[in-house]
Amino acid sequence: MLVPTIRKEIAFLINDVARLLKTYADQSARRYGATRAHWAVLSRLNRSEGLKQSELAELLDLQPISLTRLLDRLAENGLIERRPDPSDRRVNRLYLTPAARPLLDELTALGEELMSQVLEGLDDESVTKLLGDLGVMRENLRGAIGRGTPQIPSHEPQLQARKVAT
């Protein structure tokens with residue numbers, strides 16, 4: 001069994017890798033006048049055109065108001081369009097426009113280049129194992145979230161709000 005310190009280091013390292021990958025993706029996307037957030041929206045819509053805005057917000061873990069601003073910018077630039085939902089007039093569905101395809105092709109190639117740099121030094125077998133292991137971790141977290149907030153054992157210290165004397 002792994003020592004608790006190693007388990008904690010894994011959590012810190014995953015967080016660091018995610019943060020650095022976001023920073024690197026943002027820097028790289030600027031070549032095309034885009035941000036990582038624009039890239040994420042376009043990529044998700046490429047996978048699943050016709051999503052509702054609320055569905056896309058959930059997939060991207062964004063607040064609806066933040067996503068609305070992103071979508072407004074992408075629509076103003078002619079990259080996405082909102083179409084009325086045929087069964088619910090209160091809802092719009094999101095679609096890529098033909099103008100988005102060349103940019104998406106460039107961003108897809110950029111993503112391949114970026115991940116080649118990130119995974120440099122890892123062989124195909126290691127990458128495949130890593131992908132599977134991260135998938136297991138994601139499902140473990142989804143299950144834990146689905147069960148609700150864990151209770152803190154009474155013997156563990158808890159952070160408490162402290163009153164500051166004025």
# chains A, B, ... in the order shown; residues from 1 in each chain; ligands from 1
$ select_by_dssp --residues "chain A" --states "helix (DSSP H, G or I)" --output "PyMOL selection string"
chain A and resi 4-32+36-47+53-60+64-76+100-118+124-147
$ select_by_dssp --residues "range 2-164 of chain A" --states "strand (DSSP E)" --output "mmCIF file with N, CA and C atoms, in the first residue's frame"
data_model
loop_
_atom_site.group_PDB
_atom_site.id
_atom_site.type_symbol
_atom_site.label_atom_id
_atom_site.label_comp_id
_atom_site.auth_asym_id
_atom_site.auth_seq_id
_atom_site.Cartn_x
_atom_site.Cartn_y
_atom_site.Cartn_z
ATOM 1 N N LEU A 51 -26.059 20.670 -28.870
ATOM 2 C CA LEU A 51 -26.211 20.721 -27.418
ATOM 3 C C LEU A 51 -26.978 21.965 -27.003
ATOM 4 N N LYS A 52 -27.687 21.850 -25.895
ATOM 5 C CA LYS A 52 -28.276 23.036 -25.270
ATOM 6 C C LYS A 52 -27.154 23.763 -24.541
ATOM 7 N N ILE A 80 -20.083 30.022 -34.432
ATOM 8 C CA ILE A 80 -21.177 29.170 -33.965
ATOM 9 C C ILE A 80 -22.497 29.867 -34.267
ATOM 10 N N GLU A 81 -23.550 29.082 -34.219
ATOM 11 C CA GLU A 81 -24.876 29.663 -34.344
ATOM 12 C C GLU A 81 -25.812 28.990 -33.353
ATOM 13 N N ARG A 82 -26.764 29.775 -32.904
ATOM 14 C CA ARG A 82 -27.806 29.284 -32.011
ATOM 15 C C ARG A 82 -29.052 29.061 -32.867
ATOM 16 N N ARG A 83 -29.600 27.862 -32.755
ATOM 17 C CA ARG A 83 -30.827 27.548 -33.488
ATOM 18 C C ARG A 83 -31.907 27.181 -32.480
ATOM 19 N N PRO A 84 -33.144 27.604 -32.746
ATOM 20 C CA PRO A 84 -34.223 27.265 -31.812
ATOM 21 C C PRO A 84 -34.436 25.755 -31.730
ATOM 22 N N ASN A 92 -32.232 27.207 -27.040
ATOM 23 C CA ASN A 92 -31.470 27.233 -28.285
ATOM 24 C C ASN A 92 -30.509 26.062 -28.299
ATOM 25 N N ARG A 93 -30.277 25.537 -29.473
ATOM 26 C CA ARG A 93 -29.276 24.495 -29.688
ATOM 27 C C ARG A 93 -28.069 25.144 -30.357
ATOM 28 N N LEU A 94 -26.881 24.613 -30.075
ATOM 29 C CA LEU A 94 -25.633 25.220 -30.547
ATOM 30 C C LEU A 94 -25.002 24.385 -31.656
ATOM 31 N N TYR A 95 -24.589 25.078 -32.716
ATOM 32 C CA TYR A 95 -23.998 24.417 -33.878
ATOM 33 C C TYR A 95 -22.790 25.196 -34.351
ATOM 34 N N LEU A 96 -21.816 24.476 -34.906
ATOM 35 C CA LEU A 96 -20.677 25.111 -35.549
ATOM 36 C C LEU A 96 -21.106 25.609 -36.922
#
$ closest_residue --among "A:Val91, A:Ile10, A:Glu113, A:Thr23" --to "Glu55 in chain A" --atoms "only C-alpha atoms"
A:Val91
$ closest_residue --among "A:Gly78, A:Val41, A:Leu122, A:Arg142" --to "Leu62 in chain A" --atoms "only C-alpha atoms"
A:Val41
$ closest_residue --among "A:Gln117, A:Gln63, A:Thr128, A:Asn140" --to "Leu21 in chain A" --atoms "only C-alpha atoms"
A:Gln117
$ atom_distance --atom1 "CA of Asn77 in chain A" --atom2 "CA of Ala99 in chain A"
9.0 Å
$ residues_around --residues "Pro64 in chain A" --least-positions-apart "6" --cutoff "9 Å" --atoms "only C-alpha atoms" --output "PyMOL selection string"
chain A and resi 53-54+56-58
$ closest_residue --among "A:Ala75, A:Ala25, A:Ile6, A:Leu67" --to "Thr108 in chain A" --atoms "only C-alpha atoms"
A:Ala25
$ residues_around --residues "Asp26 in chain A" --least-positions-apart "4" --cutoff "8 Å" --atoms "only C-alpha atoms" --output "ChimeraX atom specification"
/A:22,30,35-36
$ write_last_selection --atoms "N, CA and C atoms" --output "compact mmCIF listing (two decimals), in the first residue's frame"
# COMPACT_ATOMS: atom_id res chain seq x y z
N LYS A 22 -3.27 23.86 -18.98
CA LYS A 22 -4.19 24.95 -19.30
C LYS A 22 -3.42 26.19 -19.74
N ARG A 30 -3.38 31.30 -28.68
CA ARG A 30 -3.25 32.71 -29.09
C ARG A 30 -2.73 32.85 -30.51
N THR A 35 -8.71 31.56 -27.41
CA THR A 35 -8.32 31.21 -26.05
C THR A 35 -8.60 29.73 -25.84
N ARG A 36 -8.10 29.20 -24.75
CA ARG A 36 -8.38 27.81 -24.40
C ARG A 36 -9.87 27.60 -24.24
$ residues_around --residues "Ala34 in chain A" --least-positions-apart "6" --cutoff "10 Å" --atoms "only C-alpha atoms" --output "number ranges by chain"
A: 26-28, 74, 103, 107
